[in-house]
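Heads up, work-v2.cif below (mmCIF, C-alpha atoms and all ligand atoms):
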```cif
data_protein
loop_
_atom_site.label_atom_id
_atom_site.label_comp_id
_atom_site.auth_asym_id
_atom_site.auth_seq_id
_atom_site.Cartn_x
_atom_site.Cartn_y
_atom_site.Cartn_z
CA MET A 1 6.18 -43.43 19.08
CA LEU A 2 6.64 -47.15 19.78
CA ARG A 3 3.48 -48.64 21.28
CA VAL A 4 4.51 -51.02 24.04
CA ALA A 5 2.29 -53.64 25.71
CA VAL A 6 3.76 -55.09 28.91
CA CYS A 7 2.73 -58.60 30.05
CA VAL A 8 3.08 -59.28 33.77
CA SER A 9 2.20 -61.93 36.35
CA GLY A 10 3.38 -60.55 39.67
CA GLY A 11 4.83 -57.59 41.52
CA GLY A 12 5.84 -55.62 38.48
CA THR A 13 9.12 -54.05 39.57
CA ASN A 14 10.39 -54.37 36.00
CA LEU A 15 7.24 -52.66 34.76
CA GLN A 16 7.94 -49.91 37.29
CA ALA A 17 11.49 -49.53 35.98
CA ILE A 18 10.12 -49.13 32.43
CA LEU A 19 7.52 -46.54 33.49
CA ASP A 20 10.10 -44.59 35.50
CA ALA A 21 12.59 -44.63 32.62
CA ILE A 22 9.96 -43.33 30.20
CA GLU A 23 8.87 -40.61 32.63
CA GLY A 24 12.47 -39.74 33.42
CA GLY A 25 13.39 -39.50 29.73
CA THR A 26 16.03 -42.25 29.59
CA VAL A 27 13.68 -44.21 27.32
CA THR A 28 12.52 -42.11 24.39
CA ASN A 29 10.07 -42.60 21.52
CA ALA A 30 8.09 -45.21 23.49
CA GLN A 31 4.82 -45.31 25.41
CA VAL A 32 3.28 -48.11 27.44
CA VAL A 33 -0.21 -48.43 26.00
CA SER A 34 -1.37 -51.29 28.20
CA VAL A 35 -0.40 -53.77 30.86
CA ILE A 36 -1.86 -57.27 30.58
CA SER A 37 -1.81 -59.94 33.26
CA ASN A 38 -2.94 -63.53 33.64
CA ASN A 39 -3.23 -62.94 37.39
CA PRO A 40 -6.01 -60.72 38.76
CA GLY A 41 -4.02 -60.21 41.98
CA ALA A 42 -0.87 -58.96 40.24
CA TYR A 43 0.34 -55.78 41.92
CA ALA A 44 1.69 -54.79 38.52
CA LEU A 45 -1.90 -53.99 37.47
CA GLU A 46 -2.12 -51.49 40.31
CA ARG A 47 1.17 -49.92 39.24
CA ALA A 48 -0.28 -49.49 35.73
CA ARG A 49 -3.42 -47.81 37.04
CA ARG A 50 -1.35 -45.43 39.15
CA HIS A 51 0.33 -44.29 35.96
CA GLY A 52 -2.98 -43.87 34.15
CA ILE A 53 -2.40 -46.93 32.00
CA GLU A 54 -5.07 -49.47 31.24
CA GLY A 55 -4.55 -52.69 33.23
CA ILE A 56 -6.14 -55.73 31.62
CA CYS A 57 -6.54 -59.17 33.20
CA VAL A 58 -7.19 -62.34 31.23
CA SER A 59 -7.10 -65.26 33.65
CA PRO A 60 -6.98 -68.90 32.53
CA LYS A 61 -9.58 -69.57 35.25
CA GLN A 62 -12.18 -67.69 33.19
CA PHE A 63 -11.93 -70.27 30.40
CA GLY A 64 -12.72 -73.93 29.92
CA SER A 65 -9.54 -74.77 28.06
CA ARG A 66 -6.03 -73.52 27.42
CA GLY A 67 -6.90 -72.92 23.80
CA GLU A 68 -9.77 -70.59 24.72
CA PHE A 69 -7.53 -68.68 27.14
CA ASN A 70 -4.82 -68.35 24.50
CA ARG A 71 -7.29 -66.98 21.96
CA ALA A 72 -8.78 -64.50 24.46
CA PHE A 73 -5.33 -63.34 25.55
CA LEU A 74 -4.18 -62.79 21.98
CA GLU A 75 -7.38 -60.94 21.17
CA LYS A 76 -6.79 -58.51 24.04
CA LEU A 77 -3.19 -58.05 23.03
CA ASP A 78 -4.11 -57.42 19.40
CA GLY A 79 -6.67 -54.87 20.59
CA CYS A 80 -3.84 -52.78 22.07
CA GLU A 81 -2.14 -52.63 18.64
CA PRO A 82 1.36 -52.93 20.11
CA ASP A 83 4.54 -52.48 18.10
CA LEU A 84 6.46 -54.26 20.86
CA VAL A 85 5.37 -56.77 23.52
CA VAL A 86 7.50 -56.84 26.67
CA LEU A 87 7.35 -59.87 28.96
CA ALA A 88 8.25 -58.42 32.35
CA GLY A 89 7.91 -61.33 34.76
CA PHE A 90 5.20 -62.99 32.65
CA LEU A 91 5.08 -66.59 33.80
CA VAL A 92 2.85 -68.02 31.08
CA VAL A 93 3.99 -70.20 28.18
CA LEU A 94 3.16 -68.16 25.10
CA PRO A 95 0.88 -69.72 22.52
CA GLU A 96 2.76 -70.49 19.29
CA MET A 97 0.23 -68.41 17.40
CA MET A 98 1.29 -65.33 19.38
CA VAL A 99 5.01 -65.98 18.90
CA ARG A 100 4.53 -66.33 15.14
CA LYS A 101 2.33 -63.26 14.85
CA TYR A 102 4.73 -61.05 16.81
CA LYS A 103 7.98 -62.50 15.49
CA ASN A 104 10.93 -60.31 16.53
CA ARG A 105 8.49 -58.00 18.33
CA ILE A 106 8.40 -59.76 21.72
CA ILE A 107 11.20 -59.37 24.28
CA ASN A 108 11.59 -61.10 27.65
CA ILE A 109 13.69 -60.39 30.73
CA HIS A 110 15.25 -63.47 32.31
CA PRO A 111 17.14 -63.33 35.62
CA SER A 112 20.30 -65.19 34.58
CA LEU A 113 23.01 -65.04 31.95
CA ILE A 114 21.42 -67.22 29.26
CA PRO A 115 22.23 -70.04 28.39
CA SER A 116 22.79 -70.73 32.10
CA PHE A 117 19.83 -71.41 34.40
CA CYS A 118 17.14 -70.97 31.78
CA GLY A 119 14.54 -73.07 30.00
CA THR A 120 11.64 -75.06 31.41
CA GLY A 121 11.38 -74.87 35.21
CA TYR A 122 13.74 -71.92 35.58
CA TYR A 123 11.71 -68.86 36.57
CA GLY A 124 11.71 -66.39 39.45
CA LEU A 125 13.49 -67.56 42.58
CA LYS A 126 14.24 -71.00 41.09
CA VAL A 127 16.81 -69.40 38.79
CA HIS A 128 18.76 -68.00 41.74
CA GLU A 129 18.44 -71.23 43.72
CA GLY A 130 19.99 -73.01 40.72
CA ALA A 131 22.83 -70.51 40.44
CA LEU A 132 23.67 -70.80 44.16
CA ALA A 133 23.42 -74.61 44.11
CA ARG A 134 25.91 -74.71 41.22
CA GLY A 135 28.20 -72.28 42.99
CA VAL A 136 28.63 -69.85 40.10
CA LYS A 137 30.56 -66.70 40.95
CA VAL A 138 28.90 -64.51 38.34
CA THR A 139 25.24 -64.41 37.33
CA GLY A 140 23.13 -61.61 35.85
CA ALA A 141 20.18 -60.95 33.60
CA THR A 142 19.36 -61.24 29.90
CA VAL A 143 16.92 -59.50 27.58
CA HIS A 144 16.15 -61.65 24.56
CA PHE A 145 13.69 -61.83 21.71
CA VAL A 146 11.13 -64.56 22.13
CA ASP A 147 10.97 -67.45 19.69
CA GLU A 148 9.13 -70.79 19.81
CA GLY A 149 11.48 -72.25 22.47
CA THR A 150 11.82 -71.42 26.16
CA ASP A 151 14.48 -68.71 26.61
CA THR A 152 16.09 -69.65 23.28
CA GLY A 153 15.53 -66.49 21.20
CA PRO A 154 18.19 -64.00 20.05
CA ILE A 155 19.98 -62.34 22.97
CA LEU A 156 19.71 -58.56 22.95
CA LEU A 157 21.39 -57.37 26.18
CA GLN A 158 23.10 -59.01 29.16
CA GLN A 159 24.39 -57.57 32.42
CA PRO A 160 26.58 -59.55 34.85
CA VAL A 161 26.20 -59.47 38.64
CA MET A 162 28.77 -60.88 41.11
CA VAL A 163 27.54 -63.59 43.47
CA ARG A 164 28.48 -63.12 47.13
CA GLN A 165 29.54 -65.94 49.41
CA ASP A 166 26.68 -65.23 51.83
CA ASP A 167 23.96 -64.73 49.20
CA THR A 168 20.55 -66.34 49.67
CA PRO A 169 18.24 -66.85 46.67
CA GLN A 170 16.30 -63.80 47.89
CA SER A 171 19.32 -61.51 48.28
CA LEU A 172 20.67 -62.58 44.90
CA GLN A 173 17.30 -62.07 43.24
CA ARG A 174 17.10 -58.54 44.61
CA ARG A 175 20.63 -57.62 43.49
CA VAL A 176 20.11 -59.08 40.01
CA MET A 177 17.00 -56.92 39.72
CA GLU A 178 18.67 -53.76 40.99
CA GLU A 179 21.99 -54.11 39.20
CA ALA A 180 20.82 -55.74 35.99
CA GLU A 181 17.12 -56.22 35.19
CA TRP A 182 15.87 -52.72 35.95
CA LYS A 183 18.67 -51.30 33.79
CA ILE A 184 18.77 -53.52 30.73
CA LEU A 185 15.04 -53.91 30.17
CA PRO A 186 14.38 -50.16 29.78
CA ARG A 187 17.62 -49.87 27.75
CA ALA A 188 16.43 -52.60 25.38
CA ILE A 189 13.13 -50.78 24.84
CA ASP A 190 14.98 -47.52 24.18
CA LEU A 191 17.25 -49.19 21.62
CA ILE A 192 14.29 -50.75 19.81
CA ALA A 193 12.21 -47.57 19.98
CA ASN A 194 15.05 -45.64 18.38
CA GLY A 195 15.56 -48.10 15.54
CA LYS A 196 18.90 -49.40 16.75
CA VAL A 197 18.13 -53.14 16.74
CA HIS A 198 17.57 -55.73 14.06
CA VAL A 199 17.64 -59.52 14.03
CA GLU A 200 19.94 -61.13 11.48
CA GLY A 201 20.84 -64.79 11.17
CA GLY A 202 19.19 -65.58 14.51
CA LYS A 203 21.17 -62.91 16.36
CA ALA A 204 20.21 -59.48 17.61
CA VAL A 205 22.46 -56.79 16.17
CA ILE A 206 22.70 -53.40 17.88
CA ARG A 207 23.82 -50.21 16.20
CA TRP A 208 25.56 -48.42 19.08
CA GLU A 209 26.13 -44.69 18.88
CA GLU A 210 29.57 -44.08 17.51
CA THR A 211 31.88 -42.12 19.79
CA PRO A 212 33.42 -39.34 17.69
CA ALA A 213 37.17 -39.78 17.25
CA PRO A 214 39.19 -37.16 19.18
CA VAL A 215 40.35 -34.30 17.02
CA ASP A 216 44.13 -33.66 17.06
CA GLY A 217 45.09 -30.97 19.53
CA GLU A 218 41.92 -31.37 21.67
C1 LIG B 1 11.93 -60.99 37.47
O1 LIG B 1 13.05 -61.35 38.23
C2 LIG B 1 12.02 -61.58 36.08
O2 LIG B 1 13.34 -61.60 35.59
C3 LIG B 1 11.51 -62.97 36.32
O3 LIG B 1 10.41 -62.78 37.17
C4 LIG B 1 10.66 -61.64 38.02
C5 LIG B 1 9.46 -60.72 37.97
O4 LIG B 1 9.59 -59.67 38.89
N1 LIG B 1 11.15 -63.61 35.09
C6 LIG B 1 11.38 -64.91 34.84
O5 LIG B 1 11.86 -65.67 35.66
C7 LIG B 1 10.99 -65.37 33.45
N2 LIG B 1 11.55 -66.65 33.17
P1 LIG B 1 8.72 -58.33 38.77
O6 LIG B 1 7.25 -58.75 38.64
O7 LIG B 1 8.96 -57.61 40.06
O8 LIG B 1 9.19 -57.55 37.57
#
```

Output the structure of this file as structure tokens.
Amino acid sequence: MLRVAVCVSGGGTNLQAILDAIEGGTVTNAQVVSVISNNPGAYALERARRHGIEGICVSPKQFGSRGEFNRAFLEKLDGCEPDLVVLAGFLVVLPEMMVRKYKNRIINIHPSLIPSFCGTGYYGLKVHEGALARGVKVTGATVHFVDEGTDTGPILLQQPVMVRQDDTPQSLQRRVMEEAEWKILPRAIDLIANGKVHVEGGKAVIRWEETPAPVDGE
């Protein structure tokens, strides 16, 4: 059973999608062992509690420096003994120490088709504002492994979403969540939990189930 720790900062709809997929059986061989937030007001913590999962908060406000916060956060994470760390709307720059320690064991959901509208400054609604300002006709979401850069790690899954002429950042954000994020994040966890993913030469390689060739006469 893959032990999953989910890091969150806000509403937690992606966390909800993961919990529902595990309960509904579309994600197998995985359990969410804890949900960790930097924000004590994150509704995601409440969602965790409702599912009987420990919700932990480590806020930077509790500490005198960024370094102290980083150490405390990593200590809590280590205490959960996760096999996989999922950043589900986690709006904190990860300490390098954490990225190194959990190399190829941290995934992030980003609400665009990377490499568009990603990197420093592109998070949450800002991503969709950028997409609309540029006038792209297709956007989407990406699940990627986390490396030392911002949104630069190996891409695992992507799902496109069509932009509508009358979209607002809010309407686009909602559709990207519904049509892309809530599908590919649980799918990524399922693939990893079932040993179907490895990283090779800086790229994520997926071993898809082979469809049996049709037998003559069938
Ligand atoms: C999601 O749209 C996620 O893709 C985005 O924050 C939102 C969190 O929503 N993450 C980023 O922008 C990371 N760069 P949620 O709390 O309802 O899952």

Item to check | Distance filter 7 Å around ligand LIG 1 (chain B), atoms: all atoms listed in the file, out as a count of residues only | outcome: 23

Checklist entry - Within 9 Å of (-0.4, -53.4, 33.4), in the coordinates the file gives, what residues turn up when you count all atoms listed in the file, written out as a list in words? => result Ala5, Val6, Cys7, Val8, Gly12, Leu15, Val32, Val33, Ser34, Val35, Ile36, Ser37, Ala42, Tyr43, Ala44, Leu45, Glu46, Arg47, Ala48, Arg49, Ile53, Glu54, Gly55, Ile56 and Cys57 of chain A

Store the residues picked out above in a file with C-alpha atoms, as a PDB file, in the coordinates of the input.
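Ended up saving to again-v2.pdb:
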```pdb
ATOM      1  CA  ALA A   5       2.290 -53.640  25.710  1.00  0.00           C
ATOM      2  CA  VAL A   6       3.760 -55.090  28.910  1.00  0.00           C
ATOM      3  CA  CYS A   7       2.730 -58.600  30.050  1.00  0.00           C
ATOM      4  CA  VAL A   8       3.080 -59.280  33.770  1.00  0.00           C
ATOM      5  CA  GLY A  12       5.840 -55.620  38.480  1.00  0.00           C
ATOM      6  CA  LEU A  15       7.240 -52.660  34.760  1.00  0.00           C
ATOM      7  CA  VAL A  32       3.280 -48.110  27.440  1.00  0.00           C
ATOM      8  CA  VAL A  33      -0.210 -48.430  26.000  1.00  0.00           C
ATOM      9  CA  SER A  34      -1.370 -51.290  28.200  1.00  0.00           C
ATOM     10  CA  VAL A  35      -0.400 -53.770  30.860  1.00  0.00           C
ATOM     11  CA  ILE A  36      -1.860 -57.270  30.580  1.00  0.00           C
ATOM     12  CA  SER A  37      -1.810 -59.940  33.260  1.00  0.00           C
ATOM     13  CA  ALA A  42      -0.870 -58.960  40.240  1.00  0.00           C
ATOM     14  CA  TYR A  43       0.340 -55.780  41.920  1.00  0.00           C
ATOM     15  CA  ALA A  44       1.690 -54.790  38.520  1.00  0.00           C
ATOM     16  CA  LEU A  45      -1.900 -53.990  37.470  1.00  0.00           C
ATOM     17  CA  GLU A  46      -2.120 -51.490  40.310  1.00  0.00           C
ATOM     18  CA  ARG A  47       1.170 -49.920  39.240  1.00  0.00           C
ATOM     19  CA  ALA A  48      -0.280 -49.490  35.730  1.00  0.00           C
ATOM     20  CA  ARG A  49      -3.420 -47.810  37.040  1.00  0.00           C
ATOM     21  CA  ILE A  53      -2.400 -46.930  32.000  1.00  0.00           C
ATOM     22  CA  GLU A  54      -5.070 -49.470  31.240  1.00  0.00           C
ATOM     23  CA  GLY A  55      -4.550 -52.690  33.230  1.00  0.00           C
ATOM     24  CA  ILE A  56      -6.140 -55.730  31.620  1.00  0.00           C
ATOM     25  CA  CYS A  57      -6.540 -59.170  33.200  1.00  0.00           C
TER      26      CYS A  57
END
```

Checklist entry - Between CA of Val176 (chain A) and CA of Gln158 (chain A), what is the distance, to one decimal in Å? => result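 CA of Val176 (chain A) sits 11.3 Å away from CA of Gln158 (chain A).
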
Checklist entry - Which residue gives the smallest distance to Pro186 (chain A) among A:Ser65, A:Gln16, A:Thr150, A:Thr139, with all atoms listed in the file counted? => result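 Of the candidates, the smallest distance to Pro186 (chain A) is held by A:Gln16.
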
Next on the checklist: Please compute the CA of Gln159 (chain A)-CA of Arg187 (chain A) distance, one decimal, in Å.
Outcome noted: 11.3 Å

Item to check | Residue nearest Ile192 (chain A) - candidates A:Asp83, A:Asp147, A:Glu209, A:Glu179, atoms counted: all atoms listed in the file | outcome: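 So, comparing all the options, the nearest one is A:Asp83.
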
Item to check | Pick from A:Arg134, A:Lys183, A:Arg50, A:Arg100, whichever lies nearest to Ile18 (chain A) using only C-alpha atoms | outcome: A:Lys183

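One finds CA of Met162 (chain A) at 4.6 Å from CA of Val138 (chain A).
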
Item to check | Distance criterion (all atoms listed in the file): nearest to Ile155 (chain A) out of A:Ala131, A:Ala141, A:Ala204, A:Leu185 | outcome: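 Among A:Ala131, A:Ala141, A:Ala204, A:Leu185, it is A:Ala204 that comes nearest to Ile155 (chain A).
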